[in-house]
>>> print(open('my_file10.txt').read())   # compact mmCIF, C-alpha atoms and all ligand atoms
# COMPACT_ATOMS: atom_id res chain seq x y z
CA MET A 960 -1.65 0.18 -23.98
CA THR A 961 -4.38 1.65 -21.79
CA HIS A 962 -7.62 0.02 -20.62
CA THR A 963 -10.80 1.86 -19.65
CA LEU A 964 -12.45 -0.21 -16.93
CA GLU A 965 -15.74 0.01 -15.08
CA ILE A 966 -15.75 0.15 -11.30
CA LYS A 967 -17.72 -2.86 -10.05
CA ALA A 968 -17.48 -2.27 -6.29
CA ILE A 969 -16.17 0.32 -3.83
CA SER A 970 -15.54 -0.59 -0.18
CA PRO A 971 -14.26 1.54 2.69
CA VAL A 972 -11.20 -0.12 4.30
CA ALA A 973 -10.23 2.69 6.71
CA HIS A 974 -11.79 6.08 7.40
CA ASN A 975 -10.10 7.70 4.37
CA VAL A 976 -9.19 4.66 2.25
CA PHE A 977 -11.30 2.79 -0.29
CA SER A 978 -10.84 -0.40 -2.28
CA TYR A 979 -11.97 -0.16 -5.91
CA ASP A 980 -12.78 -3.41 -7.71
CA LEU A 981 -12.65 -3.12 -11.51
CA GLU A 982 -13.51 -5.39 -14.36
CA ARG A 983 -10.40 -7.19 -15.53
CA PRO A 984 -9.38 -7.06 -19.20
CA ASP A 985 -8.81 -10.44 -20.85
CA GLY A 986 -5.21 -11.55 -20.56
CA PHE A 987 -4.18 -8.71 -18.23
CA THR A 988 -1.50 -9.96 -15.84
CA PHE A 989 0.72 -8.45 -13.16
CA GLU A 990 2.93 -9.55 -10.28
CA PRO A 991 1.96 -8.89 -6.62
CA GLY A 992 3.66 -5.62 -5.64
CA GLN A 993 3.38 -4.05 -9.10
CA ALA A 994 1.65 -0.75 -9.80
CA THR A 995 0.27 1.10 -12.79
CA GLU A 996 -0.71 4.63 -13.81
CA VAL A 997 -4.38 5.33 -13.14
CA SER A 998 -6.58 8.21 -14.23
CA ILE A 999 -10.31 8.93 -14.06
CA ASP A 1000 -12.40 8.67 -17.23
CA LYS A 1001 -14.03 12.09 -16.81
CA ASP A 1002 -13.49 15.39 -18.60
CA GLY A 1003 -10.52 17.23 -17.16
CA TRP A 1004 -9.12 14.17 -15.39
CA ARG A 1005 -8.05 11.73 -18.13
CA ASP A 1006 -4.50 13.09 -18.32
CA GLU A 1007 -4.05 13.28 -14.54
CA LYS A 1008 -2.28 9.96 -14.05
CA ARG A 1009 -1.17 8.77 -10.63
CA PRO A 1010 0.58 5.53 -9.63
CA PHE A 1011 -1.39 2.95 -7.65
CA THR A 1012 -0.63 -0.63 -6.70
CA PHE A 1013 -2.74 -3.67 -7.55
CA THR A 1014 -4.07 -5.22 -4.34
CA SER A 1015 -5.95 -8.07 -5.99
CA LEU A 1016 -4.24 -11.33 -6.80
CA PRO A 1017 -3.08 -12.02 -10.35
CA ASP A 1018 -5.71 -14.74 -10.83
CA ASP A 1019 -8.68 -12.87 -9.34
CA ASP A 1020 -11.66 -12.13 -11.60
CA ARG A 1021 -11.38 -8.43 -10.84
CA LEU A 1022 -8.56 -5.92 -10.55
CA GLN A 1023 -8.37 -4.02 -7.28
CA PHE A 1024 -6.72 -0.85 -6.05
CA THR A 1025 -6.72 0.32 -2.44
CA ILE A 1026 -6.43 4.09 -2.35
CA LYS A 1027 -6.04 6.64 0.41
CA SER A 1028 -7.72 9.93 -0.39
CA TYR A 1029 -6.25 13.35 0.34
CA PRO A 1030 -9.25 15.71 0.07
CA GLU A 1031 -7.14 18.73 1.06
CA ARG A 1032 -5.04 18.40 -2.12
CA GLY A 1033 -8.02 18.56 -4.46
CA GLY A 1034 -6.24 16.09 -6.74
CA VAL A 1035 -6.93 12.65 -8.15
CA THR A 1036 -7.39 10.83 -4.84
CA ASP A 1037 -9.99 13.39 -3.78
CA GLN A 1038 -11.87 12.85 -7.06
CA LEU A 1039 -11.59 9.08 -6.62
CA SER A 1040 -13.30 9.28 -3.25
CA HIS A 1041 -16.41 10.73 -4.95
CA LEU A 1042 -16.68 8.06 -7.66
CA LEU A 1043 -19.54 5.58 -7.80
CA VAL A 1044 -19.93 2.03 -9.02
CA GLY A 1045 -20.31 2.25 -12.82
CA ASP A 1046 -17.77 5.09 -13.20
CA ARG A 1047 -14.63 4.21 -15.12
CA LEU A 1048 -10.87 4.36 -14.54
CA ILE A 1049 -8.17 4.30 -17.18
CA ILE A 1050 -5.20 2.10 -16.35
CA ASP A 1051 -1.90 1.47 -18.07
CA GLU A 1052 0.35 -1.56 -18.21
CA PRO A 1053 1.76 -2.84 -14.89
CA TRP A 1054 5.27 -1.93 -13.89
CA GLY A 1055 7.54 -3.17 -11.16
CA THR A 1056 7.75 -1.52 -7.79
CA ILE A 1057 8.53 -3.81 -4.88
CA SER A 1058 8.99 -7.42 -5.81
CA TYR A 1059 8.92 -10.37 -3.46
CA ARG A 1060 12.37 -11.66 -2.61
CA GLY A 1061 11.44 -14.17 0.07
CA LYS A 1062 10.31 -14.23 3.68
CA GLY A 1063 11.19 -11.31 5.84
CA VAL A 1064 9.98 -8.14 7.53
CA PHE A 1065 7.59 -5.76 5.80
CA ILE A 1066 7.60 -2.23 7.21
CA ALA A 1067 4.71 -0.08 5.99
CA GLY A 1068 3.57 3.45 6.73
CA GLY A 1069 -0.09 4.22 5.94
CA ALA A 1070 -0.99 3.57 2.30
CA GLY A 1071 2.51 2.12 1.91
CA LEU A 1072 0.81 -1.11 2.92
CA THR A 1073 -0.59 -1.70 -0.57
CA PRO A 1074 2.30 -3.53 -2.29
CA PHE A 1075 2.68 -5.66 0.83
CA LEU A 1076 -1.05 -6.35 0.91
CA ALA A 1077 -0.80 -7.86 -2.55
CA ILE A 1078 2.32 -9.85 -1.67
CA LEU A 1079 0.99 -11.09 1.69
CA ARG A 1080 -2.37 -12.03 0.18
CA ALA A 1081 -0.52 -14.06 -2.45
CA GLN A 1082 1.60 -15.81 0.19
CA ASN A 1083 -1.53 -16.47 2.23
CA GLU A 1084 -3.32 -17.95 -0.76
CA SER A 1085 -0.49 -20.38 -1.39
CA GLY A 1086 -0.26 -21.25 2.34
CA HIS A 1087 3.24 -19.79 2.77
CA LEU A 1088 2.62 -16.91 5.14
CA ALA A 1089 4.47 -18.27 8.19
CA GLY A 1090 7.81 -16.55 8.67
CA HIS A 1091 6.60 -13.13 7.49
CA THR A 1092 6.38 -10.14 9.82
CA LEU A 1093 4.48 -6.91 9.19
CA LEU A 1094 5.29 -3.73 11.11
CA PHE A 1095 2.50 -1.33 10.22
CA ALA A 1096 2.82 2.31 11.30
CA ASN A 1097 -0.15 4.66 11.43
CA ARG A 1098 -1.13 7.75 13.34
CA ARG A 1099 -4.31 6.40 14.92
CA GLU A 1100 -6.23 3.15 15.07
CA ARG A 1101 -8.84 4.41 12.62
CA ASP A 1102 -6.12 4.97 9.99
CA ILE A 1103 -5.19 1.27 9.89
CA ILE A 1104 -6.11 -0.23 6.51
CA LEU A 1105 -7.84 -3.63 6.69
CA GLN A 1106 -6.81 -4.32 10.26
CA ASP A 1107 -9.11 -7.34 10.66
CA GLU A 1108 -7.81 -9.02 7.51
CA LEU A 1109 -4.19 -8.43 8.51
CA ASP A 1110 -4.69 -9.59 12.10
CA LEU A 1111 -6.39 -12.78 10.94
CA MET A 1112 -3.84 -13.79 8.31
CA PRO A 1113 -2.64 -17.20 9.54
CA GLY A 1114 1.07 -17.27 10.33
CA LEU A 1115 1.68 -13.57 9.76
CA ILE A 1116 3.08 -11.71 12.77
CA THR A 1117 1.60 -8.20 12.67
CA ARG A 1118 2.54 -5.35 15.01
CA HIS A 1119 0.62 -2.10 14.77
CA ILE A 1120 2.54 1.00 15.78
CA LEU A 1121 0.52 4.17 16.46
CA SER A 1122 2.26 7.54 16.70
CA GLN A 1123 -0.66 9.60 18.01
CA GLU A 1124 -2.65 7.16 20.16
CA ASP A 1125 -1.43 5.16 23.13
CA LYS A 1126 -3.79 2.16 23.28
CA SER A 1127 -3.53 -1.28 24.72
CA GLY A 1128 -2.77 -3.91 22.08
CA TYR A 1129 -0.80 -1.42 19.97
CA ASP A 1130 2.79 -0.25 20.17
CA PHE A 1131 3.11 3.48 20.72
CA GLY A 1132 5.59 5.76 18.99
CA ARG A 1133 7.54 5.57 15.77
CA ILE A 1134 9.48 2.82 14.05
CA ASP A 1135 13.01 4.00 14.83
CA ARG A 1136 16.34 2.47 15.78
CA ALA A 1137 15.33 1.65 19.36
CA TYR A 1138 12.03 0.12 18.24
CA LEU A 1139 13.69 -2.11 15.65
CA GLU A 1140 16.31 -3.26 18.15
CA LYS A 1141 13.50 -4.18 20.53
CA VAL A 1142 11.28 -6.13 18.12
CA ILE A 1143 13.68 -7.60 15.54
CA GLU A 1144 15.80 -10.54 16.66
CA ASP A 1145 17.56 -11.21 13.38
CA PHE A 1146 18.69 -8.52 10.95
CA ASP A 1147 20.05 -11.12 8.55
CA GLN A 1148 16.79 -11.39 6.61
CA THR A 1149 14.96 -9.51 3.87
CA PHE A 1150 13.45 -6.15 4.80
CA TYR A 1151 10.91 -4.34 2.68
CA ILE A 1152 9.93 -0.72 3.41
CA CYS A 1153 7.15 1.33 1.86
CA GLY A 1154 5.78 4.63 3.04
CA PRO A 1155 6.48 8.34 3.20
CA ASP A 1156 9.82 9.61 1.92
CA GLN A 1157 11.32 10.43 5.32
CA MET A 1158 10.32 7.12 6.85
CA VAL A 1159 11.82 5.11 4.00
CA GLU A 1160 15.03 7.14 4.03
CA ASP A 1161 15.46 6.94 7.82
CA LEU A 1162 14.74 3.23 8.04
CA LYS A 1163 17.02 2.39 5.13
CA GLY A 1164 19.86 4.14 6.97
CA ILE A 1165 19.13 2.37 10.25
CA LEU A 1166 18.79 -1.06 8.64
CA ASP A 1167 21.96 -0.45 6.69
CA ASP A 1168 23.76 0.17 10.02
CA PHE A 1169 22.44 -3.20 11.22
CA GLY A 1170 23.85 -4.87 8.09
CA ALA A 1171 20.49 -5.41 6.38
CA LYS A 1172 19.89 -4.46 2.75
CA PRO A 1173 16.29 -3.31 2.58
CA GLU A 1174 14.19 -2.89 -0.54
CA GLY A 1175 12.45 0.46 -0.26
CA LEU A 1176 9.72 2.33 -2.05
CA VAL A 1177 8.65 5.93 -1.43
CA PHE A 1178 4.91 6.62 -1.61
CA GLU A 1179 4.65 10.20 -0.41
CA GLU A 1180 7.18 12.99 -0.87
C1 LIG A 1201 4.74 3.29 -7.17
C2 LIG A 1201 3.66 3.92 -6.34
C3 LIG A 1201 2.55 3.20 -6.00
C4 LIG A 1201 1.54 3.79 -5.21
N1 LIG A 1201 0.46 3.01 -4.85
C5 LIG A 1201 -0.48 3.56 -4.05
C6 LIG A 1201 -1.60 2.78 -3.62
O1 LIG A 1201 -1.75 1.60 -3.97
N2 LIG A 1201 -2.51 3.38 -2.82
C7 LIG A 1201 -2.39 4.68 -2.41
O2 LIG A 1201 -3.25 5.16 -1.66
N3 LIG A 1201 -1.34 5.45 -2.81
C8 LIG A 1201 -0.40 4.92 -3.62
N4 LIG A 1201 0.63 5.69 -4.04
C9 LIG A 1201 0.63 7.13 -3.70
C10 LIG A 1201 -0.29 7.86 -4.68
O3 LIG A 1201 0.26 7.78 -5.97
C11 LIG A 1201 -0.50 9.31 -4.28
O4 LIG A 1201 -1.19 9.38 -3.07
C12 LIG A 1201 -1.30 10.04 -5.34
O5 LIG A 1201 -0.51 10.19 -6.49
C13 LIG A 1201 -1.77 11.38 -4.85
O6 LIG A 1201 -2.46 11.98 -5.91
P1 LIG A 1201 -3.35 13.29 -5.73
O7 LIG A 1201 -3.68 13.78 -7.09
O8 LIG A 1201 -4.47 13.03 -4.80
O9 LIG A 1201 -2.41 14.27 -4.99
P2 LIG A 1201 -1.02 14.90 -5.50
O10 LIG A 1201 -0.83 14.75 -6.95
O11 LIG A 1201 0.07 14.41 -4.60
O12 LIG A 1201 -1.26 16.38 -5.15
C14 LIG A 1201 -2.23 17.22 -5.79
C15 LIG A 1201 -1.83 18.63 -5.51
O13 LIG A 1201 -1.82 18.86 -4.08
C16 LIG A 1201 -0.62 19.51 -3.67
N5 LIG A 1201 0.04 18.70 -2.63
C17 LIG A 1201 0.94 17.70 -2.82
N6 LIG A 1201 1.34 17.18 -1.66
C18 LIG A 1201 0.69 17.84 -0.71
C19 LIG A 1201 0.67 17.77 0.71
N7 LIG A 1201 1.43 16.90 1.38
N8 LIG A 1201 -0.14 18.61 1.37
C20 LIG A 1201 -0.91 19.52 0.72
N9 LIG A 1201 -0.92 19.62 -0.62
C21 LIG A 1201 -0.15 18.82 -1.32
C22 LIG A 1201 0.24 19.69 -4.89
O14 LIG A 1201 0.27 21.04 -5.20
C23 LIG A 1201 -0.41 18.89 -5.99
O15 LIG A 1201 -0.48 19.58 -7.19
C24 LIG A 1201 1.66 5.13 -4.80
C25 LIG A 1201 2.79 5.86 -5.16
C26 LIG A 1201 3.78 5.28 -5.90
C27 LIG A 1201 5.00 6.08 -6.27
>>> encode(input="my_file10.txt", output="structure tokens")
Amino acid sequence: MTHTLEIKAISPVAHNVFSYDLERPDGFTFEPGQATEVSIDKDGWRDEKRPFTFTSLPDDDRLQFTIKSYPERGGVTDQLSHLLVGDRLIIDEPWGTISYRGKGVFIAGGAGLTPFLAILRAQNESGHLAGHTLLFANRRERDIILQDELDLMPGLITRHILSQEDKSGYDFGRIDRAYLEKVIEDFDQTFYICGPDQMVEDLKGILDDFGAKPEGLVFEE
């Protein structure tokens, strides 16, 4: 069943990423980490469905998506970046992507943060954030989604890794074997990975070598 929902608020959360708050249909529920198919309620765009992850909490009054736009592709995310409050999105039923399996290490690349944002917000709300680590990889500081919120989450250990900017307060380079050996003390815990195809594939292989069994989700081919 689809729902056509009005956009109630749009907020920039990085230079090319926006959060969209939507009205929430009565009785609509989802689990943190789940996604749904989204399209734009405009001529020519209704059948162009793309998967996006809920970043609101299941009990919030509104539904929220946090979406990185790729203007150069001229696709749905480019269109989304031009929408205004009052425009409408069409969403489908929620479906499972990454589900929470307990405390551990969340490794995100770019917009791959979104399922972890939902999960970490939920853990924060229930006061159970201690014991979670976030390794968040981006190219530059300005690409980091919601850095202030992440850095202020009580109990969460966040490390930002920048591949194209060497700045104090940030790790420089890529999340690779040497980096993980340096920052992870215990590989006998749950690892979650979400990001571009190559990153997820590489890190799964490395973590597998260390005896960990990561849960991975590819966001970008
Ligand atoms: C389960 C799941 C959940 C997701 N959740 C989120 C989320 O919460 N937030 C978020 O920001 N993203 C999320 N994504 C990623 C998101 O779905 C894509 O960014 C989105 O589908 C891109 O749609 P688009 O129409 O803008 O571009 P696309 O459909 O990717 O591309 C449009 C056109 O551009 C061309 N193109 C494709 N790739 C490239 C490229 N690399 N360079 C140049 N041209 C290209 C193709 O010809 C294509 O026809 C999720 C993905 C999955 C699988």
>>> atom_distance(input="my_file10.txt", atom1="atom CA of A:Asp1130", atom2="atom CA of A:Arg1101")
14.6 Å
>>> atom_distance(input="my_file10.txt", atom1="atom CA of A:Tyr979", atom2="atom C20 of ligand LIG 1201 (chain A)")
23.5 Å
>>> closest_residue(input="my_file10.txt", among="A:Gly1055, A:Asp1147, A:Leu1048, A:Gly1034", to="A:Ser998", atoms="only C-alpha atoms")
A:Leu1048
>>> residues_near_ligand(input="my_file10.txt", ligand="ligand LIG 1201 (chain A)", cutoff="6 Å", atoms="all atoms listed in the file", output="tab-separated table (two decimals) with C-alpha atoms, in the coordinates of the input")
chain	number	residue	atom	x	y	z
A	994	ALA	CA	1.65	-0.75	-9.80
A	1009	ARG	CA	-1.17	8.77	-10.63
A	1010	PRO	CA	0.58	5.53	-9.63
A	1011	PHE	CA	-1.39	2.95	-7.65
A	1012	THR	CA	-0.63	-0.63	-6.70
A	1024	PHE	CA	-6.72	-0.85	-6.05
A	1025	THR	CA	-6.72	0.32	-2.44
A	1026	ILE	CA	-6.43	4.09	-2.35
A	1027	LYS	CA	-6.04	6.64	0.41
A	1029	TYR	CA	-6.25	13.35	0.34
A	1032	ARG	CA	-5.04	18.40	-2.12
A	1034	GLY	CA	-6.24	16.09	-6.74
A	1035	VAL	CA	-6.93	12.65	-8.15
A	1036	THR	CA	-7.39	10.83	-4.84
A	1037	ASP	CA	-9.99	13.39	-3.78
A	1056	THR	CA	7.75	-1.52	-7.79
A	1070	ALA	CA	-0.99	3.57	2.30
A	1073	THR	CA	-0.59	-1.70	-0.57
A	1178	PHE	CA	4.91	6.62	-1.61
>>> closest_residue(input="my_file10.txt", among="A:Leu1121, A:Leu1109, A:Ala1067, A:Ile969", to="A:Glu1174", atoms="only C-alpha atoms")
A:Ala1067
>>> closest_residue(input="my_file10.txt", among="A:Asp1135, A:Glu982, A:Asp1046, A:Glu1007", to="A:Gln1023", atoms="only C-alpha atoms")
A:Glu982
>>> atom_distance(input="my_file10.txt", atom1="atom CA of A:Ile1104", atom2="atom CA of A:Ala973")
5.1 Å
>>> closest_residue(input="my_file10.txt", among="A:Lys1141, A:Lys967, A:His1119, A:Lys1172", to="A:Leu1043", atoms="only C-alpha atoms")
A:Lys967
>>> closest_residue(input="my_file10.txt", among="A:Gly1128, A:Gly1170, A:Pro1074, A:Pro1053", to="A:Cys1153", atoms="only C-alpha atoms")
A:Pro1074
>>> closest_residue(input="my_file10.txt", among="A:Gly1068, A:Phe1075, A:Thr988, A:Ile1116", to="A:Met1158", atoms="only C-alpha atoms")
A:Gly1068
>>> residues_near_point(input="my_file10.txt", point="(-1.5, 3.0, -24.8)", cutoff="10 Å", atoms="all atoms listed in the file", output="JSON, numbers by chain")
{"A": [960, 961, 962, 1050, 1051, 1052]}
>>> residues_near_point(input="my_file10.txt", point="(-8.8, 12.1, 5.8)", cutoff="8 Å", atoms="all atoms listed in the file", output="list in words")
His974, Asn975, Ser1028, Tyr1029 and Pro1030 of chain A
>>> write_last_selection(input="my_file10.txt", atoms="C-alpha atoms", output="JSON list (two decimals), in the frame of the given file")
[["chain", "number", "residue", "atom", "x", "y", "z"],
["A", 974, "HIS", "CA", -11.79, 6.08, 7.40],
["A", 975, "ASN", "CA", -10.10, 7.70, 4.37],
["A", 1028, "SER", "CA", -7.72, 9.93, -0.39],
["A", 1029, "TYR", "CA", -6.25, 13.35, 0.34],
["A", 1030, "PRO", "CA", -9.25, 15.71, 0.07]]
>>> residues_around(input="my_file10.txt", residues="A:Ser1058", least_positions_apart="2", cutoff="12 Å", atoms="all atoms listed in the file", output="count of residues only")
28
>>> axis_aligned_box(input="my_file10.txt", around="stretch 968-976 of chain A", padding_each_side="5 Å", output="lines of an AutoDock Vina configuration file")
center_x = -13.3
center_y = 2.7
center_z = 0.6
size_x = 18.3
size_y = 20.0
size_z = 23.7
>>> residues_around(input="my_file10.txt", residues="A:Asn1097", least_positions_apart="5", cutoff="7 Å", atoms="only C-alpha atoms", output="compact mmCIF listing (two decimals) with C-alpha atoms, keeping the file's coordinate frame")
# COMPACT_ATOMS: atom_id res chain seq x y z
CA GLY A 1068 3.57 3.45 6.73
CA GLY A 1069 -0.09 4.22 5.94
CA ASP A 1102 -6.12 4.97 9.99
CA ILE A 1103 -5.19 1.27 9.89
CA ILE A 1120 2.54 1.00 15.78
CA LEU A 1121 0.52 4.17 16.46
CA SER A 1122 2.26 7.54 16.70
